[in-house]
There are 6 protein chains.
Amino acid sequence: MHLKIINPNTTVAMTEGIAKAARAVAAQGAEIESCNPSDGPPSIEGWYDDAIAAAAVMETIRADDGRADAIIIACFGDPGLQAAKEATTRPVVGIAQAAMTMAALIADGFSIVTTLARTIPISNHLVRAYGMEHYCRAVIAADIPVLMLEEEPQKCYQLIEAECRQTLEKDRAGAIVLGCAGMSDTARRLTDSLGVPVLDGVACAVKLCESLVGLRLSTSAASYPQPLAKTYAGKFSSLSPK
Amino acid sequence: MHLKIINPNTTVAMTEGIAKAARAVAAQGAEIESCNPSDGPPSIEGWYDDAIAAAAVMETIRADDGRADAIIIACFGDPGLQAAKEATTRPVVGIAQAAMTMAALIADGFSIVTTLARTIPISNHLVRAYGMEHYCRAVIAADIPVLMLEEEPQKCYQLIEAECRQTLEKDRAGAIVLGCAGMSDTARRLTDSLGVPVLDGVACAVKLCESLVGLRLSTSAASYPQPLAKTYAGKFSSLSPK
Amino acid sequence: MHLKIINPNTTVAMTEGIAKAARAVAAQGAEIESCNPSDGPPSIEGWYDDAIAAAAVMETIRADDGRADAIIIACFGDPGLQAAKEATTRPVVGIAQAAMTMAALIADGFSIVTTLARTIPISNHLVRAYGMEHYCRAVIAADIPVLMLEEEPQKCYQLIEAECRQTLEKDRAGAIVLGCAGMSDTARRLTDSLGVPVLDGVACAVKLCESLVGLRLSTSAASYPQPLAKTYAGKFSSLSPK
Amino acid sequence: MHLKIINPNTTVAMTEGIAKAARAVAAQGAEIESCNPSDGPPSIEGWYDDAIAAAAVMETIRADDGRADAIIIACFGDPGLQAAKEATTRPVVGIAQAAMTMAALIADGFSIVTTLARTIPISNHLVRAYGMEHYCRAVIAADIPVLMLEEEPQKCYQLIEAECRQTLEKDRAGAIVLGCAGMSDTARRLTDSLGVPVLDGVACAVKLCESLVGLRLSTSAASYPQPLAKTYAGKFSSLSPK
Amino acid sequence: MHLKIINPNTTVAMTEGIAKAARAVAAQGAEIESCNPSDGPPSIEGWYDDAIAAAAVMETIRADDGRADAIIIACFGDPGLQAAKEATTRPVVGIAQAAMTMAALIADGFSIVTTLARTIPISNHLVRAYGMEHYCRAVIAADIPVLMLEEEPQKCYQLIEAECRQTLEKDRAGAIVLGCAGMSDTARRLTDSLGVPVLDGVACAVKLCESLVGLRLSTSAASYPQPLAKTYAGKFSSLSPK
Amino acid sequence: MHLKIINPNTTVAMTEGIAKAARAVAAQGAEIESCNPSDGPPSIEGWYDDAIAAAAVMETIRADDGRADAIIIACFGDPGLQAAKEATTRPVVGIAQAAMTMAALIADGFSIVTTLARTIPISNHLVRAYGMEHYCRAVIAADIPVLMLEEEPQKCYQLIEAECRQTLEKDRAGAIVLGCAGMSDTARRLTDSLGVPVLDGVACAVKLCESLVGLRLSTSAASYPQPLAKTYAGKFSSLSPK
C-alpha cells in the first residue's frame, strides 16, 4: 500500500505535519508519500486561494510517477477533488469529504470547527455538495489563521477547544469535524478532553484510501472520464491532457 | 483487529457466504467472526422481516463476548443499526450505509440493485435517511427472492447483470451498489463485466470498520448514549439494559 | 368502529392512560381496545428500547383477533410502523406521524416537546422521514423520564409547560406537538394555558383511524405487500408470516 | 357537527356533486352545508382562475353565518387556503392537502392525476409547499377540462383510469390522489378496479375536519393571526377585516 | 422601454414612493408607469390581504392598455405573480423573487427584514417556493405596520437598521433583502451604514424587467399558458378570460 | 457602462463569438470588452479543464486594469466564480447562474442542453449549488465537442434542436437553458423554432451585470472578503493577493 498525500499549499512544515498525522494511522507497512506543489499559495484561507491551489494540485498529480495506489488532497476545501478524479484512474479522496463521511457513521450530527470565519462558506458549500445538511449542526470558526496552527499550537488548541465545547452544548453535536489539515494533531487530545469523537480529515482519508485500495475500487470512469486530449497554452501547457 | 459480522437472518449458508466475502477483503491478520441469530427470519424481504431481524440482531449483540473491535450488520436494510449503536460502545456499521458511503467517494451517482421489488421502499428510506438522494440515481429490483441467491447463483447473476446494464444506460449511474448481502460474490465479476465500480456492502463495511478501529473512533456516546437500565418483560428479559 | 391501540411498552398504567385519552376523543359508539405487549421494555427512551418494542408490537399485531377496524401504535417513535403496515391489511397509524400530520393542517410550524434529550434524534429522524422538515421548528426535551409522567404528573406538567413557552417564543412555533404518549392528559390544559394548539398524538391517531375507516381506505398493498410466507426460528417462530 | 364546503367555482352542479361526495362519507348526524361563490370562475383550470377563485372564496367565508364548525375549500389548488385560515378561527382544510396527507398515511408514494396538463405546475407547487416531494411519484394529467367531468362522466372515467394504470406501473405509486374535486365520484370505482387506494380530497377533507373538530383543535392564531382591521376600497369593501 | 409597476395595495402615496424608487434606477429613457388598483386593501399585512390584493392585481393587469413592455408586482408577497404570468404574454416580475434573485448573485447568504412578524410565514413560503432556502439565513421583522413606513420614516429607519445589524452578526448574512416595497428609500442609506449590500425589490425588479425585455425573453407559454376562455360571474365578470 | 467578458478558454474565435453575442444585447453605449487567458485549455469539457481554467480566469482578473464595471465569466461551468468574487470588489456573474436565474423568472421549469455528456455532472452540481433543483427538469447532452460549435454550426444546430424538442415533450420543460457559451448564436433561432424561451447565459449575464451596476450593487464583502495578503510561490507568484 502506497498512499500519496498532497498538501495543496506550499508550506513544507505543514506538509510534514500532515504526513506525520497520516503515518500515525496508516496500516502497517503502508508507505506514506507526502508532497506539496512548489508553486501556489502558502495557505488556503478562502475561495481565491482555493482556486489557485486546485490548479497547483493538478500539477502535482500530473507530475506523479504512478507508484501510489491512491491520492489524498489534504486541505479542508477539497480543492480540485473532482478534477483530480478525472486526471487519474486511482482513487482520490479529499479530507473534508473523508471526515464528514466517517463522522456520519458514528454520530447523529457533527459540527465543523474551521480556522477563519471567511472559510465558513466553503465548508457550507461542501456540506451541501456531499448531502450532509442534516448531519451538520453548525460550521464555526476558531478565528485562527492557518499558519498560526504551526506557530502557536498551544494557543490554537485552546481556541479550538473552547469553540468545540460551545457547539457541543448549543448545537447538540455528537462529534467534531476538524476543518483544517493543520489541526490534525489536536484530534486525539480533543477527543480525550471533550468526550466525543473528534475527526481529523487526514487520518480519515488515509483509512478511506486504504479501504478503497483494499477493495480494488477506483473512481468510476463513467462518472469521471479522463480529460479529453488537448493542448493547453502557455504556463499550463505541461498540464495538457494526453 | 477482530470484526464481528452479524447476518441478521438465520440462514447459516448465507452467514458463511458473508463471512467468506468479508475475509476476502479483510486486512491481513484480521479475525472475522461471523454469526447469525438463532431466532428470527431466514431471509429479510420487507419491513416486517426487518423489524423482527432488528430484535434478533440485538440478541446477538447482547450475547457478544466483547472481543470484537467493531460490529457489522450485514443486511441491506441495516436492521437495528441505530439501536445497536446504543447497545455497544464499539463502532457498528450497516452494509447499506457502508456501500452508499463508499460509492459516493468514487462516483457521481449510483444505482442500487436489490432483490425483490417489495424491498425498494426500504432502500429509498435509507437513501433519504443517509442524505444520499442526489447520489442515488435509481433503486431497481432484479426480482430475485433472497434465498434464490444461494440456490441458483448463475441465474441470479444474469438477472442482476441485466438490471445493472439497463440502469447504467438509462439512469446515468456511475456505479452499482448491490442491495443484498447475498450478492457479495457477484461484485468482482460484475465490476469486470460492466466496467464500472460495483460495491458490495459487506466488503465496504469491513473496510470502514477497520478504518474506524484504526482511527480509534467509536460511536458517539453523545449521539447514542447507552440504553437506560431497565427490566424488560417476558421473552425479551435477557435483552434488558443494565 | 373498533380501534385497537397498542402501547408498545409493557407498563399497564400507561396503557390505561392512553386508552383513557383515546376514549375521550373517540366517536360516539366507537370501541377502544387497548393493549400492550406482555414482553418487552417498560418504557421506550431510545433507539434500543424502540427496536425491541417494535418486535413486541409485531407480537401484539399477530395475536390480534381481527375485530379492530384499525390499529394505533402509541409511542412517539412509531416503533414498527412500516412493519405493521405489511402485517395487516387494516390501517395502522403511528402517533408521531398522526400528531405532525394534524399540526401541519393548522399551524405554519410546530415544535416537538419530548421527554429525555436522548430521544431527540428519533424525533428528528421521523420529522425527516415524514417530510416535515419545514414545519418542524425545533425538537426540545423537558428532561423527564417516561415513567415519571405517571408518577409525578404535576411536576412534569410544569417542566413541559416551561419548555413550551420557551420554544413558542424563541422558535416562532405556532403549535406544540407532544412527543410522548404519556403526555396525552396535558394537551388540553396546555392548550388553554399557552393559547396555541397542543397536539397529542394518541388523540390525533384516533381521529385519523376513524377517518381512514370511514373512508374505507386501507394501507396500500402495492406499497406494503403482506410479508412473504416463511418460518421464523426460535422464540420468533410464532411471528412467522403465513 | 356542521361542516361547510366551499366549492370555489361557481358551477352549481359541481357544488352539488361535491356535497354528495361529502355526505357519502360524513359522520352520522353531521350536517354538510355546501355553497359556491356567486361571483367568479365557473371552473378553475390554472393560476389565473385560481387567483380569482381565492378572492371569491374569501367572500364566501366572510358571508358565513358562523354556524359551521369547520370549513373545506374544495378545489385541488387549495385556493385561498392560507388566507382563509386568517379569516376565521375555525379549522379550514383544503382538499389537496387533505388528500396528500391521508395518502401519506397509507402508501409509500402516490401519483396525482389531474385534469388538464396546464394545472400540473399548481399541483407541483403544492406538493413542494406541503413537504410531499418524497411521497409524490408523479403528477399526470388525464387531459380533461374540469366541466367535462360533469358532462361526460363515463368517458372521463376511462381516461382517468388509463392514466392511473400507467402511473401505477411506471412510477411505482402505491396510491392515487385525484387532482380535482369533480373526480370525487370515481374514487370508489377506481379503488375497486385498480386495487390500490384512490383518494378523493373532498372525502378526505370531510374526515380531517371532523377530526379537528372532534379534537377541539383549530387553526393556530400564532401562525395565522386574524387580519388587521382596515378598510378595503371599492368592490372589495365588503371584505374589509374588522 | 416602458415598465408598468403595480402597487397591489390602494395607497396612492405608496404607489408614488414606489414609482420614485423605480425611476431612480430605471434606464435612461425608460418610461415608468405606476398604478394601483382602485379596489382592495390599503396595505398588505398577511395572507388575507394578500389574497384580495392578488385579485385586485388581476384587475389592473386586465385593464392594462398593452403599452408596457413588462410588468412589476410591487409587494413583497408577490401577490398574484403566477396568475399574472398567465394573464399576459409580457414578462411579469415580483419584487420578492427579484430581490432574492439579485441577492443570490452577490452574497453567500441574505436575511430578509420584513415589517410585521405576521408576514414572516409569507416570506418563508416564498423562500421555499423559489429554492432560496440555503441562501436565506433568517427572516426577521422590524415590527412596523406597512403604512407607518410612510408616516414615520425616520423612526422606521432606525428600527430597520437595528434589526439589520442584529441579523448580520447573529446569522452571518452577507446581504439584506428589504421585505416591503415601502422600504425602498432606505436601501441606499442602509447600504452605506451597514457596509453590506441592501436590496430593494422594486429596484431589482426594474432591472430584471429591463433585462428580460432587452433579451426579448417573455414568460414561457408552455409553463404559463393563457387562461382558458370562460365567463366569470358577478363582480368578477370583467376579469373573464377571452 | 463597461463590461468585461472573460472567456475562460483560450480559443480566440470563441471569445469573439461570445463578445458578439454580448454586444447584441448590451445596453446602448455600453462598452463590451472581451478577453481570454493566454494560458490554459482551448476548451472546457470536464472538471479537469474547468479547474485549470479557473486559475487562468484568476490571471485575467488580476491583470485587469480596473476600468470595467462588472465582470462576466463566460463558460457554463462558472469556473472560478466564487474565487473571482473575492478577487475584485466589482460584481462578477457566471453564465450558468445567470441563465438559470433568468429562466426561473419566466418558466415553471427548464432543461439544460449541454455539449458532451461528460459535462452533465458539472451542470448538475451547479443546479444543486444554486438551489435550482425544482426548476431544472433535465440536463441533457447534444453530444457535441465544444469546438465543433465553431466548426460545424449548422450540424450542431440540428443536434441541439433535436435534443431540445425531446426534452420539451418528455420532461415538461417550459424553457431551454443553453449549456455552453459557444451556443449563444443559436438562442434566437431556437426560440423561434421551438416556441419556448431559449436562454443564452452570455446574454443573460450581460443584462444581470448591467442590472447590478445600475443598482450600484456589488459583491458582498461580508460574504466574499478580499483574499488575505500572502506571497504565492513559483509560477503563481503573479497572482499573490496583496
# chains A, B, ... in the order shown; residues from 1 in each chain; ligands from 1
call {"tool": "interface_residues", "arguments": {"of": "chain C", "to": "chain D", "cutoff": "8 Å", "atoms": "only C-alpha atoms", "output": "ChimeraX atom specification"}}
result
/C:25,27,91-93,97,101-102,105-109,131-134,173-175,196-197,203-204,207-208,211-212,214-215,217-224
call {"tool": "residues_around", "arguments": {"residues": "Phe236 (chain C)", "least_positions_apart": "6", "cutoff": "10 Å", "atoms": "only C-alpha atoms", "output": "PyMOL selection string"}}
result
(chain B and resi 38-41+52-53+55-56+235) or (chain C and resi 55+59)
call {"tool": "residues_around", "arguments": {"residues": "Tyr48 (chain B)", "least_positions_apart": "4", "cutoff": "9 Å", "atoms": "only C-alpha atoms", "output": "list in words"}}
result
Ile44, Ile52 and Ala53 of chain B; Met58, Gly80, Gln82, Ala83, Ala84, Lys85, Glu86, Ala87, Gln226, Pro227 and Pro241 of chain C
call {"tool": "select_by_dssp", "arguments": {"residues": "region 102-144 of chain E", "states": "helix (DSSP H, G or I)", "output": "ChimeraX atom specification"}}
result
/E:102-106,117-129
call {"tool": "atom_distance", "arguments": {"atom1": "CA of Glu16 (chain A)", "atom2": "CA of Cys35 (chain A)"}}
result
8.5 Å
call {"tool": "select_by_dssp", "arguments": {"residues": "region 95-189 of chain D", "states": "strand (DSSP E)", "output": "list of chain:residue names"}}
result
D:Phe110, D:Ser111, D:Ile112, D:Val113, D:Thr114, D:Cys136, D:Arg137, D:Ala138, D:Val139, D:Ile140, D:Ala141, D:Ala175, D:Ile176, D:Val177, D:Leu178
